[in-house]
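**Q** My questions all concern the structure below.
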Amino acid sequence: MALMSLHGTLHVTIFEAQDLHHEGDPGVFRKLMAHVEEKVGIGKGTPKMYATIDLEKARVGRTRMIENEPANPRWYESFHVYCAHMASHVIFTVKDNNPIGATLIGRAYVPVRDLLDGEEVDDWFRICDEDRNPLDNGAKIHVKLQFFDVSRERNWDRGIRSAKYPGVPYTFFPQRTGCKVSLYQDAHVPDNFIPKIPLSGGKKYEPHRCWEDVFDAISNAKHLIYITGWSVYTEIALVRDQKRPKSGGETTLGELLKRKANEGVKVLMLVWDDRTSVGSLKKDGLMATHDEETENFFRETEVHCVLCPRNPDNGSSIVQDLQISTMFTHHQKIVVVDSAMPGGGSHNRRIVSFVGGIDLCDGRYDTQFHSLFRTLDTAHHDDFHQPNFPGAAITKGGPREPWHDIHSRLEGPIAWDVLFNFEQRWRKQGGKDILVPLRELDDLIAPSPVTFREDPETWNVQLFRSIDGGAAFGFPDTPEDAARAGLVSGKDNIIDRSIQDAYIHAIRRAKNFIYIENQYFLGSCFSWDHSDDIKLEDIGALHLIPKELSLKIVSKIEARERFTVYIVVPMWPEGIPESGSVQAILDWQRRTMSMMYKDIIGALRAKGLQEDPRNYLTFFCLANREVKRSGEYEPAEQPEPDSDYERAQHARRFMIYVHSKMMIVDDEYIIVGSANINQRSMDGARDSEIAMGAYQPHHLATHQPARGQVHGFRMALWYEHLGMLDDSFNHPESVHCIKKVNQVADKYWDLYSSESLECDIPGHLLRYPVGITSEGDVTELPGFEFFPDTKAKVLGAKSDYLPPILTT
């Protein structure tokens with residue numbers, strides 16, 4: 001049967017199955033053996049029946065396990081499935097779980113063509129064997145399905161439209177109104193760096209300074225300081241700009257937190273426990289997170305620092321438990337404090353939260369200059385970060401790895417949602433119940449708006465997460481209660497997957513353009529090209545974001561409307577660029593890019609258009625190159641001869657590491673958080689993540705382009721990356737704008753990669769160094785099989801030994 005497009009939302013209910021077994025009562029002995037098998041983890045154990053939903057080979061839903069009903073399990077579970085797939089059937093698979101995997105019972109097939117008219121299908125379907133022959137015992141499953149095409153969604157291609165937009169549905173946290181948001185580019189912004197970017201109402205964009213604000217927030221807290229991080233390093237200084245000194249600014253983060261705890265402030269920290277940072281492995285672990293060092297620093301102090309591993313939820317198999325605890329991380333980066341009321345004159349306090357991509361650790365402090373060599377005797381002398389070269393050190397000199405990132409400060413009711421997230425996580429993994437009893441604080445104001453509805457600077461904000469019951473306390477036990485709480489039920493685990501949902505909704509709403517910065521970009525493997533070297537069903541990178549983006553562009557081409565997607569990623573994922581893991585990720589990235597370009601080229605051809613697909617979708621990276629100045633830091637040692645390190649030092653160039661996790665839609669909506677565009681971050685049951693989605697109801701792209709804070713923030717980012725502003729940047733969807741940006745980025749790539757160096761590169765935005773064939777294949781740029789100064793393939797290479805679950 002032919003594959004058909006399912007792009008929209010599929011509502012599915014799995015009621016029950018009948019006649020799966022004819023074994024009769026298992027008897028006392030069999031029940032006893034099942035109990036023994038369950039405890040020791042061998043044999044079949046107690047029958048635990050569950051069902052899954054697949055669109056061809058893409059898993060999109062899974063029921064809980066029903067025990068001791070092997071013949072007639074009754075699930076009665078409903079699923080809200082976002083689709084962007086080509087499929088001939090919706091496949092329902094029934095399995096019997098066991099401690100080391102699962103036993104296949106059979107599959108039922110519902111033709112996609114029966115769903116496309118949007119009518120409800122409610123019926124029993126025969127369960128078949130692997131050859132699609134009905135099982136002899138007449139087994140069947142009762143399901144109900146209804147498909148809603150994306151074009152029927154009320155917000156499809158229409159933006160936010162008004163302040164009445166209710167936010168992303170079916171999520172744990174509702175949208176909050178009356179909030180305030182501060183957006184941060186990088187850890188610090190020097191004075192007078194950002195030009196006066198005009199906003200509506202005659203205002204000009206004013207940048208905020210992340211680590212200065214975090215320093216002030218911690219310094220001024222009276223009751224609580226709650227921190228979660230992938231890494232927290234005690235030896236960093238948050239304030240380093242000599243032109244903007246602060247009282248106590250030279251204090252390290254560790255000493256600042258100890259001082260606040262000694263003042264009576266409750267300082268609680270949840271830091272990811274890197275399981276590789278113990279025993280015979282180096283103290284920093286494979287990820288160099290300093291987790292053991294940080295825990296030891298706060299031992300015997302008033303600061304409560306808990307190292308928490310990424311614990312699995314209850315329903316996983318032994319193999320899955322091992323995967324989760326050793327492969328996945330706690331990746332949320334938040335700070336929650338109590339704060340004085342703005343303007344003074346009041347003794348009352350309120351909650352303020354910080355959410356985004358910047359960990360409070362080494363290597364993160366940077367400005368928009370992203371210098372490679374010129375800060376090695378000042379801001380980065382004691383914070384030299386260069387993990388891409390073996391043996392790199394300040395004593396051997398630059399280039400350091402510059403760091404580009406994005407963060408946010410949240411005020412108003414939304415800040416309390418971030419606080420609640422911390423409390424859920426502390427109650428699950430923090431140990432002692434020492435959370436501050438907030439109701440007993442007389443001066444703390446309950447959640448309430450911090451802006452009036454008619455205030456032009458008010459924000460509506462919603463909190464999203466990737467997390468499951470293994471990391472958050474208080475998740476419901478039953479699928480019915482989970483659905484009511486905006487959560488997804490799985491095979492005996494409950495998942496919050498709302499970050500992916502937020503991205504899908506924002507892309508589907510988009511009218512004109514999307515701008516993305518992210519540390520990774522890979523996924524939608526169900527739509528990659530079939531090839532002999534991989535089995536797509538083994539990859540598991542099933543999230544929809546890349547496919548939603550290409551389908552959005554396709555829909556605009558079909559409507560003969562402009563739409564542009566700009567995506568900024570790092571040159572390569574942080575690490576030794578020739579290593580197996582980095583090369584594997586680059587390979588997945590190439591397959592993702594190619595899938596998207598093939599969609600776009602197919603749509604252009606169908607319309608008889610001969611346009612460059614880069615006029616609709618372009619990938620960029622960031623890098624810097626500096627001439628040597630007199631008075632620069634002179635290292636006492638030299639890198640190894642003929643090493644990547646030596647070549648980069650001689651050429652005076654290196655990538656700027658893009659660690660951002662941000663998407664801007666039509667200059668009216670922004671997502672900022674800790675989640676990468678890969679399966680680890682978007683799955684919900686892998687890395688734990690947090691993000692916020694926000695817009696200003698008085699600055700929407702309804703009748704004219706939005707010109708609020710989101711617009712100002714994007715323009716400030718583009719000024720940072722391009723070293724210039726142009727009138728065309730006000731209309732990113734236009735052909736003029738994308739051609740201008742591509743032209744500048746192509747020029748900067750030529751300057752970066754050239755043999756000679758005559759002056760500093762004037763901007764940092766480079767074309768990502770790949771070409772696109774007329775068929776949409778992603779290829780090498782002529783002369784650039786490898787990234788400059790390395791022997792690392794730009795297109796990556798499939799790993800034969802690393803499991804895809806680790807690199808996707």
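Going by the structure tokens order, chains are called A, B, ..., each with residues numbered from 1, while ligands are numbered from 1 in the order shown.
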Can you tell me which residues surround A:Pro413 at a distance of at most 12 Å, considering only C-alpha atoms, apart from same-chain residues fewer than 2 positions away, and format the answer as number ranges by chain?
**A** A: 173-181, 350-353, 410-411, 415-420, 445-451, 459-463
**Q** Please list as a PDB file with N, CA, C and O atoms, in the first residue's frame every residue within 7 Å of stretch 223-238 of chain A, counting only C-alpha atoms and excluding residues in the same chain fewer than 3 positions away.
**A**
ATOM      1  N   TRP A 211      25.435  37.284  33.774  1.00  0.00           N
ATOM      2  CA  TRP A 211      26.140  36.896  34.998  1.00  0.00           C
ATOM      3  C   TRP A 211      26.193  38.030  36.016  1.00  0.00           C
ATOM      4  O   TRP A 211      26.261  37.779  37.215  1.00  0.00           O
ATOM      5  N   GLU A 212      26.137  39.287  35.585  1.00  0.00           N
ATOM      6  CA  GLU A 212      26.006  40.383  36.550  1.00  0.00           C
ATOM      7  C   GLU A 212      24.671  40.268  37.281  1.00  0.00           C
ATOM      8  O   GLU A 212      24.603  40.438  38.503  1.00  0.00           O
ATOM      9  N   PHE A 215      24.759  37.370  39.693  1.00  0.00           N
ATOM     10  CA  PHE A 215      25.548  37.765  40.860  1.00  0.00           C
ATOM     11  C   PHE A 215      24.716  38.620  41.809  1.00  0.00           C
ATOM     12  O   PHE A 215      24.689  38.391  43.029  1.00  0.00           O
ATOM     13  N   ILE A 218      21.901  36.474  43.542  1.00  0.00           N
ATOM     14  CA  ILE A 218      22.408  35.624  44.628  1.00  0.00           C
ATOM     15  C   ILE A 218      22.831  36.495  45.815  1.00  0.00           C
ATOM     16  O   ILE A 218      22.511  36.185  46.979  1.00  0.00           O
ATOM     17  N   GLU A 250      34.806  40.239  42.867  1.00  0.00           N
ATOM     18  CA  GLU A 250      35.941  39.326  42.685  1.00  0.00           C
ATOM     19  C   GLU A 250      35.721  37.987  43.398  1.00  0.00           C
ATOM     20  O   GLU A 250      36.479  37.034  43.208  1.00  0.00           O
ATOM     21  N   THR A 251      34.666  37.896  44.207  1.00  0.00           N
ATOM     22  CA  THR A 251      34.384  36.663  44.957  1.00  0.00           C
ATOM     23  C   THR A 251      34.035  35.522  44.007  1.00  0.00           C
ATOM     24  O   THR A 251      33.271  35.705  43.059  1.00  0.00           O
ATOM     25  N   THR A 252      34.581  34.343  44.258  1.00  0.00           N
ATOM     26  CA  THR A 252      34.218  33.189  43.430  1.00  0.00           C
ATOM     27  C   THR A 252      32.801  32.728  43.759  1.00  0.00           C
ATOM     28  O   THR A 252      32.265  33.017  44.847  1.00  0.00           O
ATOM     29  N   LEU A 253      32.208  31.999  42.842  1.00  0.00           N
ATOM     30  CA  LEU A 253      30.837  31.515  43.043  1.00  0.00           C
ATOM     31  C   LEU A 253      30.742  30.652  44.292  1.00  0.00           C
ATOM     32  O   LEU A 253      29.789  30.781  45.081  1.00  0.00           O
ATOM     33  N   GLY A 254      31.707  29.768  44.512  1.00  0.00           N
ATOM     34  CA  GLY A 254      31.660  28.897  45.684  1.00  0.00           C
ATOM     35  C   GLY A 254      31.685  29.683  46.982  1.00  0.00           C
ATOM     36  O   GLY A 254      30.914  29.406  47.907  1.00  0.00           O
ATOM     37  N   VAL A 265      20.623  32.085  54.545  1.00  0.00           N
ATOM     38  CA  VAL A 265      19.871  31.800  53.320  1.00  0.00           C
ATOM     39  C   VAL A 265      19.950  30.297  53.039  1.00  0.00           C
ATOM     40  O   VAL A 265      21.028  29.693  53.162  1.00  0.00           O
ATOM     41  N   LYS A 266      18.824  29.685  52.671  1.00  0.00           N
ATOM     42  CA  LYS A 266      18.815  28.257  52.343  1.00  0.00           C
ATOM     43  C   LYS A 266      19.358  28.086  50.930  1.00  0.00           C
ATOM     44  O   LYS A 266      18.718  28.479  49.953  1.00  0.00           O
ATOM     45  N   VAL A 267      20.566  27.524  50.822  1.00  0.00           N
ATOM     46  CA  VAL A 267      21.213  27.308  49.534  1.00  0.00           C
ATOM     47  C   VAL A 267      21.170  25.816  49.211  1.00  0.00           C
ATOM     48  O   VAL A 267      21.828  25.016  49.877  1.00  0.00           O
ATOM     49  N   LEU A 268      20.373  25.457  48.205  1.00  0.00           N
ATOM     50  CA  LEU A 268      20.213  24.063  47.793  1.00  0.00           C
ATOM     51  C   LEU A 268      20.655  23.925  46.343  1.00  0.00           C
ATOM     52  O   LEU A 268      20.255  24.718  45.481  1.00  0.00           O
ATOM     53  N   MET A 269      21.465  22.902  46.063  1.00  0.00           N
ATOM     54  CA  MET A 269      21.989  22.690  44.719  1.00  0.00           C
ATOM     55  C   MET A 269      21.777  21.246  44.286  1.00  0.00           C
ATOM     56  O   MET A 269      22.053  20.312  45.052  1.00  0.00           O
ATOM     57  N   LEU A 270      21.284  21.080  43.072  1.00  0.00           N
ATOM     58  CA  LEU A 270      21.169  19.764  42.453  1.00  0.00           C
ATOM     59  C   LEU A 270      22.089  19.758  41.237  1.00  0.00           C
ATOM     60  O   LEU A 270      21.823  20.429  40.238  1.00  0.00           O
ATOM     61  N   VAL A 271      23.185  19.032  41.342  1.00  0.00           N
ATOM     62  CA  VAL A 271      24.185  18.978  40.274  1.00  0.00           C
ATOM     63  C   VAL A 271      24.210  17.560  39.723  1.00  0.00           C
ATOM     64  O   VAL A 271      24.228  16.588  40.486  1.00  0.00           O
ATOM     65  N   TRP A 272      24.237  17.449  38.404  1.00  0.00           N
ATOM     66  CA  TRP A 272      24.250  16.122  37.786  1.00  0.00           C
ATOM     67  C   TRP A 272      25.458  15.321  38.251  1.00  0.00           C
ATOM     68  O   TRP A 272      26.582  15.814  38.261  1.00  0.00           O
ATOM     69  N   THR A 289      32.788  17.838  34.359  1.00  0.00           N
ATOM     70  CA  THR A 289      31.765  18.666  35.003  1.00  0.00           C
ATOM     71  C   THR A 289      32.159  19.143  36.404  1.00  0.00           C
ATOM     72  O   THR A 289      31.431  19.937  36.996  1.00  0.00           O
ATOM     73  N   HIS A 290      33.271  18.647  36.953  1.00  0.00           N
ATOM     74  CA  HIS A 290      33.726  19.031  38.304  1.00  0.00           C
ATOM     75  C   HIS A 290      32.749  18.600  39.389  1.00  0.00           C
ATOM     76  O   HIS A 290      32.755  19.165  40.483  1.00  0.00           O
ATOM     77  N   ASP A 291      31.890  17.608  39.129  1.00  0.00           N
ATOM     78  CA  ASP A 291      30.845  17.298  40.110  1.00  0.00           C
ATOM     79  C   ASP A 291      31.417  16.854  41.461  1.00  0.00           C
ATOM     80  O   ASP A 291      30.968  17.323  42.510  1.00  0.00           O
ATOM     81  N   THR A 294      32.988  19.877  43.199  1.00  0.00           N
ATOM     82  CA  THR A 294      31.983  20.795  43.747  1.00  0.00           C
ATOM     83  C   THR A 294      31.369  20.230  45.022  1.00  0.00           C
ATOM     84  O   THR A 294      31.196  20.953  46.017  1.00  0.00           O
ATOM     85  N   HIS A 330      21.258  15.094  33.787  1.00  0.00           N
ATOM     86  CA  HIS A 330      20.394  16.192  34.222  1.00  0.00           C
ATOM     87  C   HIS A 330      20.959  17.457  33.586  1.00  0.00           C
ATOM     88  O   HIS A 330      22.088  17.864  33.871  1.00  0.00           O
ATOM     89  N   HIS A 331      20.173  18.096  32.736  1.00  0.00           N
ATOM     90  CA  HIS A 331      20.700  19.149  31.867  1.00  0.00           C
ATOM     91  C   HIS A 331      20.052  20.512  32.131  1.00  0.00           C
ATOM     92  O   HIS A 331      20.411  21.498  31.500  1.00  0.00           O
ATOM     93  N   GLN A 332      19.084  20.572  33.058  1.00  0.00           N
ATOM     94  CA  GLN A 332      18.457  21.857  33.371  1.00  0.00           C
ATOM     95  C   GLN A 332      19.475  22.808  33.974  1.00  0.00           C
ATOM     96  O   GLN A 332      20.322  22.404  34.770  1.00  0.00           O
ATOM     97  N   LYS A 333      19.385  24.092  33.586  1.00  0.00           N
ATOM     98  CA  LYS A 333      20.257  25.129  34.139  1.00  0.00           C
ATOM     99  C   LYS A 333      19.367  26.235  34.701  1.00  0.00           C
ATOM    100  O   LYS A 333      18.899  27.094  33.943  1.00  0.00           O
ATOM    101  N   ILE A 334      19.105  26.213  35.999  1.00  0.00           N
ATOM    102  CA  ILE A 334      18.212  27.210  36.582  1.00  0.00           C
ATOM    103  C   ILE A 334      18.795  27.764  37.877  1.00  0.00           C
ATOM    104  O   ILE A 334      19.561  27.098  38.579  1.00  0.00           O
ATOM    105  N   VAL A 335      18.437  29.002  38.168  1.00  0.00           N
ATOM    106  CA  VAL A 335      18.689  29.624  39.461  1.00  0.00           C
ATOM    107  C   VAL A 335      17.370  30.236  39.909  1.00  0.00           C
ATOM    108  O   VAL A 335      16.709  30.927  39.123  1.00  0.00           O
ATOM    109  N   VAL A 336      16.965  29.972  41.145  1.00  0.00           N
ATOM    110  CA  VAL A 336      15.742  30.539  41.719  1.00  0.00           C
ATOM    111  C   VAL A 336      16.116  31.240  43.021  1.00  0.00           C
ATOM    112  O   VAL A 336      16.790  30.640  43.876  1.00  0.00           O
ATOM    113  N   VAL A 337      15.710  32.494  43.189  1.00  0.00           N
ATOM    114  CA  VAL A 337      16.011  33.249  44.403  1.00  0.00           C
ATOM    115  C   VAL A 337      14.776  34.039  44.822  1.00  0.00           C
ATOM    116  O   VAL A 337      13.853  34.260  44.029  1.00  0.00           O
ATOM    117  N   ASP A 338      14.784  34.459  46.082  1.00  0.00           N
ATOM    118  CA  ASP A 338      13.836  35.500  46.476  1.00  0.00           C
ATOM    119  C   ASP A 338      14.520  36.841  46.258  1.00  0.00           C
ATOM    120  O   ASP A 338      15.736  36.963  46.379  1.00  0.00           O
ATOM    121  N   ASP A 359      25.430  27.178  31.933  1.00  0.00           N
ATOM    122  CA  ASP A 359      25.773  26.613  33.234  1.00  0.00           C
ATOM    123  C   ASP A 359      26.700  27.563  33.978  1.00  0.00           C
ATOM    124  O   ASP A 359      27.487  28.306  33.356  1.00  0.00           O
ATOM    125  N   LEU A 360      26.635  27.528  35.300  1.00  0.00           N
ATOM    126  CA  LEU A 360      27.520  28.352  36.132  1.00  0.00           C
ATOM    127  C   LEU A 360      28.837  27.604  36.312  1.00  0.00           C
ATOM    128  O   LEU A 360      29.140  27.089  37.390  1.00  0.00           O
ATOM    129  N   CYS A 361      29.610  27.532  35.234  1.00  0.00           N
ATOM    130  CA  CYS A 361      30.847  26.757  35.302  1.00  0.00           C
ATOM    131  C   CYS A 361      31.904  27.376  34.404  1.00  0.00           C
ATOM    132  O   CYS A 361      31.682  28.395  33.745  1.00  0.00           O
ATOM    133  N   ASP A 362      33.076  26.761  34.382  1.00  0.00           N
ATOM    134  CA  ASP A 362      34.192  27.293  33.616  1.00  0.00           C
ATOM    135  C   ASP A 362      33.912  27.205  32.122  1.00  0.00           C
ATOM    136  O   ASP A 362      33.157  26.378  31.645  1.00  0.00           O
TER     137      ASP A 362
END
**Q** Per residue of stretch 329-381 of chain A within 8 Å of stretch 617-637 of chain A, record the nearest atom pair and its distance in Å to one decimal, counting only C-alpha atoms, with rows in chain order and ascending residue number, as a Markdown table.
**A**
| residue | atom | partner | partner_atom | distance |
| --- | --- | --- | --- | --- |
| A:His370 | CA | A:Asn624 | CA | 7.2 |
| A:Ser371 | CA | A:Asn624 | CA | 7.4 |
| A:Leu372 | CA | A:Glu626 | CA | 7.2 |
| A:Phe373 | CA | A:Glu632 | CA | 7.4 |
| A:Arg374 | CA | A:Glu632 | CA | 6.2 |
| A:Leu376 | CA | A:Tyr633 | CA | 6.1 |
| A:Asp377 | CA | A:Tyr633 | CA | 5.6 |
**Q** Let's see if you can do this: from backbone DSSP, list all strand (DSSP E) residues in stretch 408-486 of chain A, as number ranges by chain.
**A** A: 408-411, 459-468
**Q** Let me make sure I understand: among A:Pro190, A:Glu292, A:Val150, A:Pro195, which one has the smallest atom-to-atom distance to A:Gly723 if we use only C-alpha atoms?
**A** A:Pro195
